[in-house]
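Worksheet for the structure shown next.
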Amino acid sequence: MRPAFRQARTLLNYDAHASIPAFLCPVLLRAPVPTPHRSTKPTQASHKFSTSGRAQHSATATLHSADAIESLPLNAHSANTPPTRRSLPRACPGCGAPTQIYDKREAGYYNIDRKVIREYLEWDPNTVQAATKEDDIYSKALQQASPELLKELRIEEHAAEVPDEDQSPQTPVCDRCHKLVHHHVGTPIHHPTVESIQQTIAESPHRRNHIYHVVDAADFPLSIIPNLQSSLRIPKLRTQNRRAKHKGWVANDRIAEVSFIITRADLLAPKKEQVDVLMPYFTEVLRDALGRTNNKARLGNVRLVSAKRGWWTKQVKEDIWDRGGAGWMVGKVNVGKSNLFEAVFPKGRGADYQDVRRIRSTTEREAMLTNAKSLDELTQVQQQLAEEDAETERLKNKPQQHLHQPPKELKEEELDEEDFEDPDALLPPPQPYTPYPVLPIASSLPGTTASPIRIPFGRNRGELVDLPGLARTNPGLETFVQPDEHDDLVMKNRINSERYTLKPGQSLILGGGLIRITPKTEDLVFLVHPFVPIHPHVTRTEKAIDYQNQTSERQLQHPSILAPNVGDKMNSAGKFQLKWDVTKKLAGPMTSAVAGKMKPENLPFRIWSTDILIEGVGWVEISAQTRRPQGWKPVGMSKKDPNHAQHERRASLRQLDEYKDRKFATIARAESAGEDPQDALSAEFYKEDMGDRMASWEDDYPEVEVFSPLGKFVGQRRPMCASTVSGPKQIASRDRKARPRRSMVSVKRQRKPGGGGE
């Protein structure tokens with residue numbers, strides 16, 4: 001606190017009547033003036049987002065004292081005293097944590113000795129305005145000077161320059177956000193629960209609320225919040241019934257809707273068109289993940305976006321602007337909420353924003369008037385231009401009023417009690433409207449956002465709220481990884497995966513033993529495409545077990561990322577079947593529409609596949625090929641009898657009659673012998689039932705077993721077949737525009753001495 005005392009001594013300047021911000025030196029405040037706040041009813045114990053309740057309470061009390069001191073009237077002596085310094089923001093604009101100056105290890109801590117913060121606190125708008133007036137006088141003098149004088153002074157190119165109107169420093173972020181942005185170092189906060197998110201949304205002052213359920217495309221659908229509708233107490237998803245309503249009424253006569261935003265779509269394919277083709281696939285996977293209650297949901301509210309490439313972000317931004325009200329970003333940690341927030345926030349828009357209105361240049365005006373072919377058309381063009389000029393002039397002269405700020409003519413005693421901050425509220429107070437505000441920071445650290453961040457847009461139109469991320473699995477996967485390798489657990493760029501072959505007796509390990517995949521079906525060869533940022537390695541299963549248990553003395557080519565003494569915590573996450581038929585996609589040119597054109601059901605083999613998901617890291621595509629049983633003949637190759645349908649029906653009816661006769665005969669024989677009919681039926685038909693079950697060879701799917709820390713962090717989904725779009729694009733010979741270059745290997749070999757040239 002010694003630097004704080006030095007700053008306070010400088011501000012005092014040996015004058016007892018100077019007003020001091022309370023956050024700089026709370027020791028000087030002997031009796032803080034209480035700040036009025038609205039009375040709240042005692043409620044249940046709510047889950048706070050900050051990591052330290054003491055620091056939050058101290059910071060709130062200190063800020064209240066500062067506001068009270070600054071509102072006190074000054075004496076007549078203090079007319080020549082230095083201007084009062086600005087106070088720190090109520091909360092950090094980067095992470096949303098309440099401002100505090102006590103604990104350096106907690107979020108929201110501001111070091112007042114930092115240069116950026118000193119400039120922000122000591123900024124005087126009067127000095128800037130004076131400098132602006134002088135610049136204005138200087139520019140007017142240059143405009144009135146003769147061209148010969150300007151040419152002689154060599155300042156003709158600077159005569160028309162106009163200085164910026166707003167030169168105020170940007171709102172600084174806390175020390176934790178500063179270290180995250182510039183040094184990639186930070187400590188995560190405690191993650192909230194779904195109940196705390198529900199209580200936060202319940203405090204919304206808006207009647208219309210829209211919840212954007214943000215999901216990560218890297219491990220989709222593991223990052224989906226199960227039972228979100230029931231947890232947040234909002235209406236169910238709209239069904240496929242044409243009479244189903246798309247809006248529902250919730251408590252306090254408010255409307256709440258849900259949209260699914262799948263972020264980081266650029267990790268799936270290199271082009272936007274290839275990602276758009278995957279939309280039906282993601283809809284079906286989402287339908288499976290939502291469970292049986294939503295198997296008939298319409299799911300017309302799903303967006304597949306990329307904030308990095310700008311894919312479909314403009315449409316989401318327009319939806320946010322058109323809906324208005326409050327938009328809530330809800331999702332788990334590290335799903336890309338902050339990046340999406342920055343991409344879809346409607347910046348620079350006012351209350352009178354119109355997308356179709358534009359300022360026309362002089363050339364366009366002349367072209368419009370010249371292209372008029374009749375007097376009526378010329379009159380319409382002139383009227384249209386006049387209306388556009390009047391609209392532009394009206395918007396230019398309209399006085400601007402900030403949201404959440406009372407008019408100047410209101411006195412302090414006339415303000416409503418609702419304008420004061422409630423210390424027990426989970427939702428922080430709203431920020432003042434700014435066309436281009438400071439947006440939340442994005443980091444790979446799980447738990448970057450510490451508290452809800454409310455940023456209004458369009459003045460009275462609405463606001464967008466970034467909520468802290470929910471925890472994925474407790475404890476997280478990063479607890480089993482070395483601290484220096486935490487950044488490698490997040491997929492940041494699209495991966496062109498190589499193909500790895502798992503022969504019988506081999507296993508695949510990821511990250512030196514973090515994840516192990518072992519085939520369980522013998523005499524099969526598995527093809528694996530790992531789309532993960534950690535290094536894959538194929539080895540014998542015995543070696544893979546030793547690597548994962550940290551009992552092997554051998555050194556891998558790439559060092560293991562496992563933390564020390566975690567080998568005994570590796571357990572089986574389950575056995576996963578490759579039960580999806582992908583023969584048409586992975587059979588290559590045999591089923592291609594421009595090559596073999598064969599139907600998958602006519603091929604003597606089938607390809608089974610699945611995607612093994614690793615929470616927050618990525619996915620691993622696994623496929624295996626099985627052959628048809630011996631004696632199988634393709635259905636499409638045999639010539640059918642014209643009356644085959646009638647013959648098949650007669651044969652099935654004949655088999656059914658024979659089955660009934662045998663069944664009734666077995667029951668009559670058992671009753672006459674005094675035996676149980678059910679035991680007799682099971683003994684009679686057991687061998688035939690087993691034979692039919694074994695004949696359905698499609699049910700014997702290939703199987704793999706996955707081992708992970710604590711047997712968690714692993715899931716399964718139907719295959720996306722991302723291996724078909726990874727790697728270099730194959731172009732058919734007939735589609736090549738130029739002849740390929742000849743290989744120069746043989747020519748270079750001949751040029752070498754003794755290379756075999758003639």
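By order in the structure tokens, chains are A, B, ...; within a chain, residues start at 1; ligands start at 1, following the order shown.
By only C-alpha atoms, and with residues fewer than 5 positions from Leu304 in chain A along its chain excluded, the set lying at most 7 Å from it is Ile261, Ile262, Thr263 and Ala265 of chain A.
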Limited to C-alpha atoms, could you put the picked residues into a file as an mmCIF file, in the first residue's frame?
data_model
loop_
_atom_site.group_PDB
_atom_site.id
_atom_site.type_symbol
_atom_site.label_atom_id
_atom_site.label_comp_id
_atom_site.auth_asym_id
_atom_site.auth_seq_id
_atom_site.Cartn_x
_atom_site.Cartn_y
_atom_site.Cartn_z
ATOM 1 C CA ILE A 261 -24.679 -21.731 -31.876
ATOM 2 C CA ILE A 262 -21.967 -24.240 -32.875
ATOM 3 C CA THR A 263 -18.731 -22.241 -32.854
ATOM 4 C CA ALA A 265 -16.640 -24.368 -37.511
#
Long-range neighbours of Ile225 in chain A as a ChimeraX atom specification, 10 Å cut-off, only C-alpha atoms, 3 positions minimum in chain
/A:194,213-215,221-222,228-229,231,289-290,330-332,470,472
Just the residues within 9 Å of Tyr547 in chain A, please, counting only C-alpha atoms, with nothing from its chain fewer than 3 positions along; format it as a ChimeraX atom specification.
/A:509,512-513,542-544,550-554,556,560,567
Can those selected residues be exported to a file as a PDB file, in the first residue's frame so that it contains C-alpha atoms?
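See out-v7.pdb below for the written result:
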ATOM      1  CA  ILE A 509      -1.586 -43.478 -27.405  1.00  0.00           C
ATOM      2  CA  GLY A 512       2.419 -39.933 -24.369  1.00  0.00           C
ATOM      3  CA  GLY A 513      -0.280 -41.860 -22.499  1.00  0.00           C
ATOM      4  CA  GLU A 542       2.144 -53.889 -23.706  1.00  0.00           C
ATOM      5  CA  LYS A 543       4.335 -50.841 -24.274  1.00  0.00           C
ATOM      6  CA  ALA A 544       1.281 -48.555 -24.455  1.00  0.00           C
ATOM      7  CA  GLN A 550       4.254 -44.313 -16.192  1.00  0.00           C
ATOM      8  CA  THR A 551       6.151 -47.528 -15.484  1.00  0.00           C
ATOM      9  CA  SER A 552       8.156 -47.678 -18.723  1.00  0.00           C
ATOM     10  CA  GLU A 553      11.811 -46.692 -18.816  1.00  0.00           C
ATOM     11  CA  ARG A 554      11.754 -46.159 -22.568  1.00  0.00           C
ATOM     12  CA  LEU A 556       9.122 -41.641 -26.595  1.00  0.00           C
ATOM     13  CA  SER A 560       4.831 -37.285 -22.493  1.00  0.00           C
ATOM     14  CA  GLY A 567      -0.375 -43.289 -13.917  1.00  0.00           C
TER      15      GLY A 567
END
With DSSP run on the backbone, what are the helix (DSSP H, G or I) residues within range 483-551 of chain A? I'd like them as a list in words.
Pro483, Asp484, Glu485, His486, Asp487, Asp488, Leu489, Thr541, Glu542, Lys543, Ala544, Ile545, Asp546, Tyr547, Gln548 and Asn549 of chain A
For Val706 in chain A, list every protein, DNA or RNA residue within 10 Å, evaluated using only C-alpha atoms, and leave out those in the same chain fewer than 2 positions away; present the list as number ranges by chain.
A: 507-509, 515-519, 571-576, 612, 704, 708, 711-712, 714-715
Would you compute the distance between CA of Arg669 in chain A and CA of Asp657 in chain A? Give it in Å to one decimal.
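Spanning CA of Arg669 in chain A to CA of Asp657 in chain A is a straight-line distance of 18.3 Å.
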Between A:Leu180, A:Val745, A:Val528, A:Leu514, single out the one closest to Glu498 in chain A, counting only C-alpha atoms.
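So, comparing all the options, the nearest one is A:Val528.
Our summary of the geometry notes that CA of Cys174 in chain A is positioned 5.1 Å from CA of Tyr110 in chain A.
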Out of A:Gly616, A:Leu232, A:His210, A:Pro226, which residue has the shortest atom-to-atom distance to Gln198 in chain A when counting only C-alpha atoms?
A:Leu232
